[in-house]
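Structure below is model-v9.txt: compact mmCIF, C-alpha atoms.
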# COMPACT_ATOMS: atom_id res chain seq x y z
CA MET Q 6 0.00 0.00 0.00
CA THR Q 7 1.41 3.36 -0.97
CA GLU Q 8 1.18 6.44 1.20
CA LYS Q 9 -1.22 7.98 -1.31
CA GLU Q 10 -3.55 4.98 -1.15
CA ALA Q 11 -3.45 5.07 2.64
CA LEU Q 12 -4.16 8.79 2.63
CA PHE Q 13 -7.18 8.26 0.37
CA GLU Q 14 -8.52 5.57 2.70
CA TYR Q 15 -7.93 7.77 5.72
CA CYS Q 16 -9.72 10.74 4.15
CA LEU Q 17 -12.68 8.49 3.39
CA ARG Q 18 -12.81 7.45 7.04
CA LEU Q 19 -12.81 11.04 8.27
CA GLY Q 20 -15.14 12.31 5.54
CA ASP Q 21 -17.63 9.44 5.77
CA SER Q 22 -17.97 9.70 9.56
CA SER Q 23 -18.72 13.41 9.18
CA LEU Q 24 -21.16 12.83 6.33
CA ILE Q 25 -23.13 10.01 7.94
CA LEU Q 26 -23.38 11.70 11.32
CA GLY Q 27 -24.36 14.97 9.59
CA HIS Q 28 -27.12 13.11 7.81
CA ARG Q 29 -28.35 11.49 11.04
CA LEU Q 30 -28.51 14.89 12.74
CA SER Q 31 -30.39 16.41 9.81
CA GLU Q 32 -33.14 13.83 10.42
CA TRP Q 33 -34.10 15.88 13.48
CA CYS Q 34 -34.98 18.87 11.28
CA GLY Q 35 -38.54 19.85 12.15
CA HIS Q 36 -38.78 17.17 14.85
CA GLY Q 37 -36.65 18.61 17.64
CA PRO Q 38 -38.05 18.53 21.19
CA ILE Q 39 -37.99 22.34 21.39
CA LEU Q 40 -37.33 24.97 18.72
CA GLU Q 41 -33.91 25.97 20.04
CA GLU Q 42 -32.70 22.37 20.00
CA ASP Q 43 -34.11 21.80 16.53
CA ILE Q 44 -32.03 24.75 15.34
CA ALA Q 45 -28.99 23.66 17.35
CA LEU Q 46 -28.97 20.16 15.85
CA ILE Q 47 -29.35 21.29 12.27
CA ASN Q 48 -26.64 23.92 12.70
CA ILE Q 49 -24.37 21.18 14.01
CA ALA Q 50 -25.44 18.95 11.11
CA LEU Q 51 -24.44 21.72 8.73
CA ASP Q 52 -20.98 21.92 10.29
CA TYR Q 53 -20.62 18.15 9.82
CA VAL Q 54 -21.74 18.14 6.20
CA GLY Q 55 -19.49 21.11 5.44
CA ARG Q 56 -16.55 19.29 6.95
CA ALA Q 57 -17.42 16.15 4.98
CA THR Q 58 -17.52 18.19 1.77
CA SER Q 59 -14.01 19.57 2.35
CA ILE Q 60 -12.53 16.20 3.29
CA LEU Q 61 -14.21 14.17 0.56
CA LYS Q 62 -13.22 16.80 -2.02
CA TYR Q 63 -9.61 16.33 -0.90
CA ALA Q 64 -10.03 12.53 -0.97
CA GLY Q 65 -11.10 12.75 -4.60
CA GLU Q 66 -8.04 14.84 -5.41
CA VAL Q 67 -5.73 12.40 -3.65
CA GLU Q 68 -7.29 9.43 -5.47
CA ASN Q 69 -6.82 11.28 -8.73
CA LYS Q 70 -9.44 9.36 -10.68
CA GLY Q 71 -11.71 12.33 -11.26
CA ARG Q 72 -14.20 11.59 -8.47
CA THR Q 73 -15.69 14.64 -6.81
CA GLU Q 74 -17.08 14.88 -3.28
CA ASP Q 75 -20.58 14.36 -4.73
CA ASP Q 76 -19.52 11.19 -6.58
CA LEU Q 77 -18.05 9.82 -3.37
CA ALA Q 78 -21.03 10.76 -1.24
CA TYR Q 79 -23.80 9.59 -3.56
CA GLN Q 80 -22.40 6.85 -5.78
CA ARG Q 81 -20.84 4.42 -3.33
CA ASN Q 82 -22.56 1.45 -1.67
CA GLU Q 83 -22.35 0.38 1.99
CA ARG Q 84 -19.30 -1.82 1.57
CA HIS Q 85 -17.31 1.16 0.32
CA PHE Q 86 -18.20 3.48 3.17
CA ARG Q 87 -15.69 3.91 5.99
CA ASN Q 88 -17.66 5.80 8.63
CA LEU Q 89 -17.32 4.59 12.23
CA LEU Q 90 -20.24 2.40 13.30
CA ILE Q 91 -21.37 4.78 16.02
CA THR Q 92 -22.20 7.44 13.42
CA GLU Q 93 -24.78 5.29 11.63
CA GLN Q 94 -26.71 4.32 14.75
CA PRO Q 95 -30.29 5.61 14.68
CA ASN Q 96 -31.17 8.80 16.50
CA GLY Q 97 -33.59 7.05 18.85
CA ASP Q 98 -34.92 9.38 21.51
CA TYR Q 99 -33.24 12.67 22.37
CA ALA Q 100 -31.11 11.04 25.05
CA GLN Q 101 -29.69 8.55 22.56
CA THR Q 102 -28.84 11.36 20.15
CA ILE Q 103 -27.19 13.44 22.87
CA VAL Q 104 -25.18 10.51 24.26
CA ARG Q 105 -24.02 9.58 20.76
CA GLN Q 106 -22.99 13.19 20.09
CA PHE Q 107 -21.22 13.51 23.43
CA LEU Q 108 -19.17 10.31 23.02
CA PHE Q 109 -18.27 11.25 19.45
CA ASP Q 110 -17.66 14.98 20.15
CA THR Q 111 -15.16 14.16 22.90
CA TYR Q 112 -13.36 11.83 20.48
CA SER Q 113 -13.51 14.42 17.65
CA PHE Q 114 -12.08 17.11 19.90
CA LEU Q 115 -9.04 14.96 20.66
CA LEU Q 116 -8.68 13.74 17.07
CA TYR Q 117 -8.86 17.13 15.41
CA THR Q 118 -6.57 18.73 17.99
CA GLU Q 119 -3.90 16.23 16.95
CA LEU Q 120 -4.78 16.38 13.25
CA GLY Q 121 -4.07 20.12 13.33
CA LYS Q 122 -0.41 19.15 13.70
CA SER Q 123 -0.42 16.94 10.59
CA LYS Q 124 2.36 17.20 8.02
CA ASP Q 125 -0.39 17.20 5.40
CA GLN Q 126 -1.21 20.90 4.98
CA THR Q 127 -4.74 20.39 3.70
CA LEU Q 128 -5.76 18.10 6.54
CA ALA Q 129 -4.10 20.38 9.07
CA GLY Q 130 -6.00 23.37 7.67
CA ILE Q 131 -9.35 21.56 7.71
CA ALA Q 132 -8.61 20.33 11.24
CA GLU Q 133 -7.76 23.81 12.51
CA LYS Q 134 -11.07 25.08 11.16
CA SER Q 135 -13.10 22.11 12.38
CA LEU Q 136 -11.72 22.23 15.90
CA LYS Q 137 -13.33 25.61 16.54
CA GLU Q 138 -16.74 24.24 15.60
CA ILE Q 139 -16.19 20.99 17.49
CA THR Q 140 -15.56 23.03 20.64
CA TYR Q 141 -19.09 24.43 20.37
CA HIS Q 142 -20.51 20.96 19.61
CA LEU Q 143 -18.82 19.43 22.65
CA ARG Q 144 -20.05 22.22 24.86
CA HIS Q 145 -23.60 21.62 23.63
CA SER Q 146 -23.58 17.86 24.13
CA SER Q 147 -21.77 18.04 27.49
CA GLN Q 148 -24.34 20.46 28.88
CA TRP Q 149 -27.19 18.26 27.69
CA MET Q 150 -25.61 15.18 29.27
CA LEU Q 151 -25.78 17.01 32.59
CA ARG Q 152 -29.34 18.23 32.04
CA LEU Q 153 -30.62 14.80 31.06
CA GLY Q 154 -28.55 12.67 33.43
CA ASP Q 155 -29.06 14.88 36.44
CA GLY Q 156 -32.62 15.70 35.40
CA THR Q 157 -35.88 13.91 36.00
CA GLU Q 158 -36.19 10.21 36.73
CA GLU Q 159 -37.29 9.60 33.14
CA SER Q 160 -34.51 11.61 31.54
CA HIS Q 161 -31.95 9.91 33.79
CA GLN Q 162 -33.22 6.45 32.89
CA ARG Q 163 -33.31 7.20 29.14
CA CYS Q 164 -29.81 8.67 29.27
CA GLN Q 165 -28.47 5.60 31.09
CA GLN Q 166 -30.18 3.32 28.57
CA ALA Q 167 -28.56 5.26 25.72
CA LEU Q 168 -25.13 4.94 27.31
CA ASP Q 169 -25.64 1.20 27.74
CA ASN Q 170 -26.76 0.89 24.09
CA LEU Q 171 -23.91 2.86 22.54
CA TRP Q 172 -20.94 1.91 24.70
CA ARG Q 173 -20.05 -1.10 22.56
CA PHE Q 174 -19.29 1.20 19.60
CA THR Q 175 -16.70 3.26 21.43
CA ASN Q 176 -13.77 0.87 21.27
CA GLU Q 177 -13.70 1.07 17.47
CA LEU Q 178 -12.83 4.78 17.67
CA PHE Q 179 -9.39 3.91 19.00
CA GLU Q 180 -8.52 0.87 16.92
CA THR Q 181 -5.74 1.13 14.40
CA ASP Q 182 -4.64 -0.80 11.29
CA GLU Q 183 -1.88 -0.77 8.66
CA VAL Q 184 -3.45 2.19 6.84
CA GLU Q 185 -3.24 4.34 9.92
CA GLN Q 186 0.14 2.96 10.96
CA LEU Q 187 1.59 4.04 7.61
CA LEU Q 188 0.22 7.55 8.06
CA ILE Q 189 1.28 7.74 11.70
CA GLN Q 190 4.83 6.96 10.56
CA ALA Q 191 4.59 9.77 8.02
CA GLN Q 192 3.27 12.10 10.74
CA ILE Q 193 0.12 12.71 8.78
CA ALA Q 194 -2.36 10.98 11.10
CA PRO Q 195 -2.40 10.91 14.90
CA ASP Q 196 -2.25 7.67 16.88
CA MET Q 197 -5.70 7.53 18.40
CA SER Q 198 -4.95 4.38 20.41
CA GLU Q 199 -2.77 6.59 22.61
CA LEU Q 200 -5.67 8.92 23.35
CA LYS Q 201 -8.16 6.36 24.62
CA THR Q 202 -7.32 6.97 28.27
CA LYS Q 203 -7.67 10.73 27.86
CA TRP Q 204 -11.04 10.20 26.16
CA LEU Q 205 -12.21 7.87 28.91
CA ASN Q 206 -11.21 10.34 31.63
CA HIS Q 207 -13.12 13.22 30.02
CA VAL Q 208 -16.17 11.08 29.38
CA GLN Q 209 -16.27 9.58 32.87
CA GLU Q 210 -15.96 13.01 34.46
CA ILE Q 211 -19.18 14.12 32.77
CA ILE Q 212 -20.91 10.79 33.33
CA GLN Q 213 -20.20 11.05 37.04
CA GLU Q 214 -21.35 14.65 37.27
CA ALA Q 215 -24.52 13.65 35.43
CA THR Q 216 -25.12 11.03 38.20
CA LEU Q 217 -24.90 8.26 35.59
CA LYS Q 218 -22.91 5.01 35.55
CA THR Q 219 -20.20 4.06 33.07
CA PRO Q 220 -21.35 0.84 31.34
CA GLU Q 221 -19.31 -2.22 32.22
CA THR Q 222 -19.91 -4.18 29.03
CA THR Q 223 -16.76 -5.42 27.34
CA PHE Q 224 -18.54 -6.48 24.13
CA THR Q 225 -17.37 -4.39 21.18
CA ASN Q 226 -18.60 -3.82 17.60
CA SER Q 227 -16.10 -3.13 14.87
CA GLY Q 228 -15.49 -3.46 11.13
CA SER Q 229 -16.09 -0.09 9.48
CA ARG Q 230 -12.48 0.13 8.30
CA GLN Q 231 -13.15 -2.95 6.14
CA GLY Q 232 -16.53 -1.68 5.01
CA LYS Q 233 -18.48 -3.99 7.34
CA HIS Q 234 -21.38 -2.05 8.75
CA THR Q 235 -24.40 -2.52 10.98
CA GLU Q 236 -27.77 -3.03 9.32
CA HIS Q 237 -28.62 0.65 9.64
CA LEU Q 238 -26.28 2.05 7.01
CA GLY Q 239 -28.10 0.53 4.05
CA PHE Q 240 -31.39 2.23 4.95
CA LEU Q 241 -29.63 5.52 5.63
CA LEU Q 242 -27.88 5.49 2.25
CA ALA Q 243 -31.11 4.56 0.46
CA GLU Q 244 -32.63 7.77 1.77
CA MET Q 245 -29.55 9.93 1.41
CA GLN Q 246 -28.65 8.84 -2.13
CA HIS Q 247 -32.14 8.39 -3.53
CA LEU Q 248 -32.48 11.77 -5.20
CA SER Q 249 -29.02 11.80 -6.73
CA ARG Q 250 -29.35 8.27 -8.06
CA SER Q 251 -32.87 8.89 -9.44
CA PHE Q 252 -31.68 11.90 -11.42
CA PRO Q 253 -28.04 11.29 -12.39
CA ASN Q 254 -26.01 14.45 -12.97
CA CYS Q 255 -28.75 16.63 -11.51
CA THR Q 256 -27.78 20.13 -10.41
CA TRP Q 257 -29.62 22.82 -8.44
CA MET Y 13 -9.90 44.90 -4.06
CA ASP Y 14 -12.31 47.84 -4.32
CA LEU Y 15 -14.46 45.88 -6.76
CA LEU Y 16 -14.67 42.97 -4.35
CA GLY Y 17 -15.68 45.37 -1.60
CA GLN Y 18 -18.91 45.86 -3.54
CA ILE Y 19 -19.97 42.27 -2.94
CA PRO Y 20 -22.10 42.07 0.19
CA ASP Y 21 -22.34 39.07 2.46
CA PRO Y 22 -25.51 37.30 1.24
CA GLU Y 23 -26.93 36.97 4.76
CA ILE Y 24 -25.82 40.29 6.20
CA PRO Y 25 -25.95 42.79 3.31
CA VAL Y 26 -24.52 45.71 5.26
CA ILE Y 27 -21.04 44.22 5.30
CA SER Y 28 -18.94 43.17 2.34
CA ILE Y 29 -16.87 40.05 1.85
CA THR Y 30 -13.73 42.12 2.22
CA ASP Y 31 -15.07 43.44 5.56
CA LEU Y 32 -15.46 39.84 6.70
CA GLY Y 33 -11.91 38.91 5.79
CA VAL Y 34 -13.15 36.15 3.50
CA VAL Y 35 -10.91 37.31 0.62
CA ARG Y 36 -7.39 36.17 1.48
CA ASN Y 37 -5.34 36.78 -1.64
CA ILE Y 38 -5.62 38.30 -5.07
CA GLN Y 39 -3.21 37.39 -7.87
CA ILE Y 40 -3.51 39.48 -11.02
CA ASN Y 41 -1.81 38.00 -14.07
CA SER Y 42 -1.80 39.23 -17.66
CA ASP Y 43 -4.76 37.16 -18.81
CA ASN Y 44 -6.28 35.77 -15.62
CA ILE Y 45 -6.97 36.62 -11.98
CA THR Y 46 -6.81 34.15 -9.09
CA ILE Y 47 -8.74 34.89 -5.89
CA ASP Y 48 -8.24 32.89 -2.70
CA ILE Y 49 -11.20 32.83 -0.31
CA THR Y 50 -11.55 31.12 3.04
CA PRO Y 51 -14.82 29.76 4.49
CA THR Y 52 -16.23 31.29 7.66
CA TYR Y 53 -17.89 28.09 8.88
CA SER Y 54 -17.24 24.62 7.36
CA GLY Y 55 -20.78 24.29 6.13
CA CYS Y 56 -21.50 27.91 5.32
CA PRO Y 57 -23.96 27.75 2.41
CA ALA Y 58 -23.19 31.34 1.41
CA MET Y 59 -19.67 30.46 0.24
CA LYS Y 60 -20.86 29.03 -3.07
CA LEU Y 61 -22.88 32.15 -3.77
CA ILE Y 62 -19.95 34.39 -2.83
CA GLU Y 63 -17.72 32.45 -5.23
CA GLU Y 64 -20.22 32.89 -8.05
CA GLN Y 65 -20.66 36.57 -7.33
CA ILE Y 66 -16.91 37.15 -7.39
CA LYS Y 67 -16.60 35.39 -10.75
CA HIS Y 68 -19.58 37.20 -12.19
CA LEU Y 69 -18.49 40.66 -11.12
CA LEU Y 70 -14.83 40.32 -12.10
CA GLU Y 71 -15.53 38.66 -15.44
CA GLU Y 72 -17.87 41.49 -16.28
CA LYS Y 73 -15.52 44.28 -15.20
CA THR Y 74 -12.15 42.92 -16.32
CA ALA Y 75 -12.89 40.51 -19.22
CA LYS Y 76 -10.18 38.22 -17.81
CA LYS Y 77 -10.45 34.57 -16.84
CA ILE Y 78 -11.32 34.31 -13.12
CA GLN Y 79 -10.29 31.44 -10.86
CA VAL Y 80 -11.56 31.25 -7.28
CA ASN Y 81 -9.80 28.92 -4.84
CA THR Y 82 -10.86 27.94 -1.33
CA VAL Y 83 -8.04 27.90 1.21
CA TYR Y 84 -8.40 26.55 4.74
CA SER Y 85 -5.31 27.81 6.45
CA PRO Y 86 -4.99 30.10 8.33
CA ALA Y 87 -8.47 29.32 9.69
CA TRP Y 88 -10.95 32.18 9.47
CA THR Y 89 -11.57 33.93 12.74
CA THR Y 90 -13.92 36.70 13.83
CA ASP Y 91 -10.77 38.57 14.90
CA TRP Y 92 -10.39 39.54 11.23
CA ILE Y 93 -13.58 41.63 11.23
CA PRO Y 94 -12.49 45.28 11.51
CA ALA Y 95 -14.01 47.73 13.99
CA GLU Y 96 -15.95 49.64 11.28
CA ALA Y 97 -17.65 46.43 10.15
CA LYS Y 98 -18.61 45.64 13.75
CA ILE Y 99 -20.33 49.01 13.99
CA LYS Y 100 -22.26 48.24 10.79
CA LEU Y 101 -23.32 44.89 12.27
CA ARG Y 102 -24.61 46.55 15.41
CA GLU Y 103 -26.54 49.17 13.44
CA TYR Y 104 -28.10 46.36 11.42
CA GLY Y 105 -29.31 44.75 14.66
CA ILE Y 106 -26.71 42.02 15.11
CA ALA Y 107 -24.49 42.15 18.21
CA PRO Y 108 -20.87 41.92 16.95
CA PRO Y 109 -18.38 39.31 18.25
CA GLU Y 110 -16.93 40.30 21.60
CA LYS Y 111 -13.53 38.67 21.75
CA THR Y 112 -11.44 35.72 20.53
CA THR Y 113 -12.35 32.14 21.38
CA SER Y 114 -9.31 30.76 23.12
CA ASP Y 115 -11.52 29.60 25.95
CA LYS Y 116 -11.56 25.82 25.55
CA SER Y 117 -13.30 25.07 28.83
CA PHE Y 118 -16.18 23.21 27.29
CA LEU Y 119 -18.39 22.68 30.28
CA PHE Y 120 -19.96 26.06 30.87
CA PRO Y 121 -20.88 28.89 28.52
CA GLU Y 122 -18.64 31.95 28.48
CA LYS Y 123 -19.96 34.36 31.07
CA LYS Y 124 -19.27 37.36 28.85
CA LYS Y 125 -21.79 40.14 28.68
CA VAL Y 126 -23.30 40.80 25.29
CA ALA Y 127 -24.81 44.26 24.84
CA CYS Y 128 -28.20 44.68 23.18
CA PRO Y 129 -27.65 46.27 19.73
CA ARG Y 130 -30.81 48.33 20.10
CA CYS Y 131 -30.79 49.77 23.61
CA PHE Y 132 -27.16 48.89 24.54
CA SER Y 133 -28.21 47.36 27.85
CA GLN Y 134 -25.91 44.68 29.31
CA ASN Y 135 -28.91 42.98 30.91
CA THR Y 136 -29.17 40.28 28.25
CA GLU Y 137 -29.65 36.52 28.28
CA LEU Y 138 -28.49 33.69 26.02
CA VAL Y 139 -31.46 31.84 24.54
CA SER Y 140 -29.53 29.41 22.36
CA GLN Y 141 -25.93 28.97 21.30
CA PHE Y 142 -27.21 28.20 17.81
CA GLY Y 143 -29.21 30.80 15.94
CA SER Y 144 -30.63 31.58 12.54
CA THR Y 145 -27.36 30.78 10.77
CA ALA Y 146 -24.27 28.77 11.72
CA CYS Y 147 -22.37 31.93 12.68
CA LYS Y 148 -24.96 33.37 15.08
CA ALA Y 149 -26.39 32.72 18.54
CA LEU Y 150 -29.77 33.87 19.84
CA TYR Y 151 -30.03 36.32 22.74
CA LYS Y 152 -32.80 38.36 24.30
CA CYS Y 153 -32.68 41.74 26.03
CA ILE Y 154 -34.37 41.82 29.43
CA ASP Y 155 -34.66 45.61 29.35
CA CYS Y 156 -36.14 46.39 25.93
CA LEU Y 157 -37.56 42.84 25.58
CA GLU Y 158 -36.32 42.41 21.97
CA PRO Y 159 -34.58 39.24 20.80
CA PHE Y 160 -31.40 39.67 18.77
CA ASP Y 161 -28.71 37.67 17.00
CA TYR Y 162 -25.12 37.60 18.27
CA PHE Y 163 -22.26 36.97 15.86
CA LYS Y 164 -20.35 34.18 17.60
CA CYS Y 165 -16.64 34.38 18.24
CA ILE Y 166 -14.79 31.68 16.38
Kindly present the structure from the file in structure tokens form.
Amino acid sequence: MTEKEALFEYCLRLGDSSLILGHRLSEWCGHGPILEEDIALINIALDYVGRATSILKYAGEVENKGRTEDDLAYQRNERHFRNLLITEQPNGDYAQTIVRQFLFDTYSFLLYTELGKSKDQTLAGIAEKSLKEITYHLRHSSQWMLRLGDGTEESHQRCQQALDNLWRFTNELFETDEVEQLLIQAQIAPDMSELKTKWLNHVQEIIQEATLKTPETTFTNSGSRQGKHTEHLGFLLAEMQHLSRSFPNCTW
Amino acid sequence: MDLLGQIPDPEIPVISITDLGVVRNIQINSDNITIDITPTYSGCPAMKLIEEQIKHLLEEKTAKKIQVNTVYSPAWTTDWIPAEAKIKLREYGIAPPEKTTSDKSFLFPEKKKVACPRCFSQNTELVSQFGSTACKALYKCIDCLEPFDYFKCI
């Protein structure tokens, strides 16, 4: 595997996670529990989709086969997507959405802080920009973890249930493979396996303050780096890609 | 540069794209012009429109080939908005950004005071960190009772 091929793969991973999670968040549009949260979630979704656009555009350039960010977003099937499994999990109730965002935002904050130091100028630039937005996202989801966890009996119970549901997807965030090892050597990608403890400390601090319990399950789900996804991705892509595939080469 | 100063921000027409600091570099060659722009927010939907407006205006006025590039580094920051533009924002009814965001303490909102753009009272309250567009937050003034947008520091 060449460095270029690894870089393409890596950009797909970053871009796809942003795209899929952005799409999930956009599903709340018009259905938020209160107006301000409806607006908050779609603003956050916009940040994600914008980030995905920049990264997938760069991926297409690195691949050098003429694929644009739209080709990559709308013309690939599940097996070719590289988003982390946690990003494709359904929104569920508001607690599930918030817990998913919180776990992923904490990870994103650490990832993009390190990625800002990348030897790859484009990724470093995108990371520097994204980190500012991620800081606002993390603030939002952290505050809601506290409100829901340390809230009513119902909100506490739903929040705990969400944590128990999603915990098994968190290990995958810190796994590594030869693609990433190659880029770590080249100082392009950070070594996320080294940041797991930091992530766990931040997350547990909030969980504790929210009067919740850290799940003890050791069962983990993995496979996105090989294109192996949970059953949810297929349905999500069917909705997301439907318009583009029905009208090939359509433009606004 | 003066020509580009005629292009207003699509969402906030009282300030131009040069006021915002979105135009980073202009390269004038004999038969073409290259403009570098930088996005304010990753997903800002106005960027595409700004790009088209730049091309349209410059092609019309210079008859040269126009190329617009998007650059990410250095990352856009509200620090680049000059004082005159902030005054225009306030007059338009949007509270301008107060200071830089180097505050990474992500647990609690910044306790800064945002002044009401209409009555200038400091007795204001944050309604939501996310407002009508990605760059704005929603506040309300307890004194004059009007809601207003705040241009977030980033």
Each chain Q residue no farther than 7 Å from chain Y, nearest pair in Å, only C-alpha atoms, as JSON lines:
{"residue": "Q:Glu41", "atom": "CA", "partner": "Y:Ser140", "partner_atom": "CA", "distance": 6.0}
{"residue": "Q:Ile44", "atom": "CA", "partner": "Y:Phe142", "partner_atom": "CA", "distance": 6.4}
{"residue": "Q:Ala45", "atom": "CA", "partner": "Y:Phe142", "partner_atom": "CA", "distance": 4.9}
{"residue": "Q:Asn48", "atom": "CA", "partner": "Y:Ala146", "partner_atom": "CA", "distance": 5.5}
{"residue": "Q:Leu51", "atom": "CA", "partner": "Y:Gly55", "partner_atom": "CA", "distance": 5.2}
{"residue": "Q:Asp52", "atom": "CA", "partner": "Y:Gly55", "partner_atom": "CA", "distance": 4.8}
{"residue": "Q:Val54", "atom": "CA", "partner": "Y:Gly55", "partner_atom": "CA", "distance": 6.2}
{"residue": "Q:Gly55", "atom": "CA", "partner": "Y:Gly55", "partner_atom": "CA", "distance": 3.5}
{"residue": "Q:Arg56", "atom": "CA", "partner": "Y:Ser54", "partner_atom": "CA", "distance": 5.4}
{"residue": "Q:Gly130", "atom": "CA", "partner": "Y:Ser85", "partner_atom": "CA", "distance": 4.7}
{"residue": "Q:Ile131", "atom": "CA", "partner": "Y:Tyr84", "partner_atom": "CA", "distance": 5.9}
{"residue": "Q:Glu133", "atom": "CA", "partner": "Y:Ala87", "partner_atom": "CA", "distance": 6.2}
{"residue": "Q:Lys134", "atom": "CA", "partner": "Y:Ala87", "partner_atom": "CA", "distance": 5.2}
{"residue": "Q:Ser135", "atom": "CA", "partner": "Y:Ser54", "partner_atom": "CA", "distance": 7.0}
{"residue": "Q:Lys137", "atom": "CA", "partner": "Y:Ile166", "partner_atom": "CA", "distance": 6.2}
{"residue": "Q:Thr140", "atom": "CA", "partner": "Y:Phe118", "partner_atom": "CA", "distance": 6.7}
{"residue": "Q:Leu143", "atom": "CA", "partner": "Y:Phe118", "partner_atom": "CA", "distance": 6.5}
{"residue": "Q:Arg144", "atom": "CA", "partner": "Y:Phe118", "partner_atom": "CA", "distance": 4.7}
{"residue": "Q:Ser147", "atom": "CA", "partner": "Y:Leu119", "partner_atom": "CA", "distance": 6.4}
{"residue": "Q:Gln148", "atom": "CA", "partner": "Y:Leu119", "partner_atom": "CA", "distance": 6.5}
Would you list the contacts of Thr58 in chain Q as a list in words, taking every protein, DNA or RNA residue within 9 Å and counting all atoms listed in the file, but skipping same-chain residues closer than 4 positions in sequence? Gly20, Ser23, Leu24, Tyr53, Val54, Lys62, Tyr63, Glu74, Asp75 and Ala78 of chain Q; Ser54 and Gly55 of chain Y
Could you give me, as an MDAnalysis selection string, the residues within 9 Å of Leu32 in chain Y, counting all atoms listed in the file and dropping anything in the same chain fewer than 4 positions from it? chainID Y and resid 21 27:28 52 90 92:94 97
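Taking CA of Glu63 in chain Y and CA of Ile19 in chain Y as endpoints, the distance between them is 10.3 Å.
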Skipping near chain neighbours, those fewer than 5 positions away, what residues fall within 9 Å of Ile66 in chain Y using all atoms listed in the file, listed as JSON, numbers by chain? {"Y": [16, 19, 47, 61, 71, 78, 80]}
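Among the candidates Y:Ile24, Y:Ile29, Y:Ile154, Y:Val34, the residue lying nearest to Ile106 in chain Y is Y:Ile24 (atoms considered: all atoms listed in the file).
Once Asp98 in chain Q and its same-chain neighbours fewer than 4 positions away are set aside, Pro38, Thr102, Ile103, Arg163, Cys164 and Ala167 of chain Q remain within 10 Å of it when counting only C-alpha atoms.
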Which residues are near range 230-239 of chain Q? Cut-off 9 Å, only C-alpha atoms, ignore same chain within fewer than 3 positions. Put them as a compact mmCIF listing (two decimals) with C-alpha atoms, in the coordinates of the input.
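Once everything was written out, this is result01.txt:
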# COMPACT_ATOMS: atom_id res chain seq x y z
CA GLU Q 14 -8.52 5.57 2.70
CA ARG Q 18 -12.81 7.45 7.04
CA ILE Q 25 -23.13 10.01 7.94
CA ASN Q 82 -22.56 1.45 -1.67
CA GLU Q 83 -22.35 0.38 1.99
CA ARG Q 84 -19.30 -1.82 1.57
CA HIS Q 85 -17.31 1.16 0.32
CA PHE Q 86 -18.20 3.48 3.17
CA ARG Q 87 -15.69 3.91 5.99
CA ASN Q 88 -17.66 5.80 8.63
CA LEU Q 89 -17.32 4.59 12.23
CA LEU Q 90 -20.24 2.40 13.30
CA GLU Q 93 -24.78 5.29 11.63
CA GLN Q 94 -26.71 4.32 14.75
CA PRO Q 95 -30.29 5.61 14.68
CA ASP Q 182 -4.64 -0.80 11.29
CA ASN Q 226 -18.60 -3.82 17.60
CA SER Q 227 -16.10 -3.13 14.87
CA LEU Q 242 -27.88 5.49 2.25
CA ALA Q 243 -31.11 4.56 0.46
CA GLU Q 244 -32.63 7.77 1.77
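For the pair CA of Gln192 in chain Q and CA of Arg72 in chain Q, the interatomic distance is 26.0 Å.
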By how many Å are CA of Ile189 in chain Q and CA of Phe114 in chain Q apart? 18.3 Å
Nearest residue to Tyr117 in chain Q out of Q:Leu77, Q:Ser146, Q:Leu200, Q:Asn170, using all atoms listed in the file? Q:Leu200
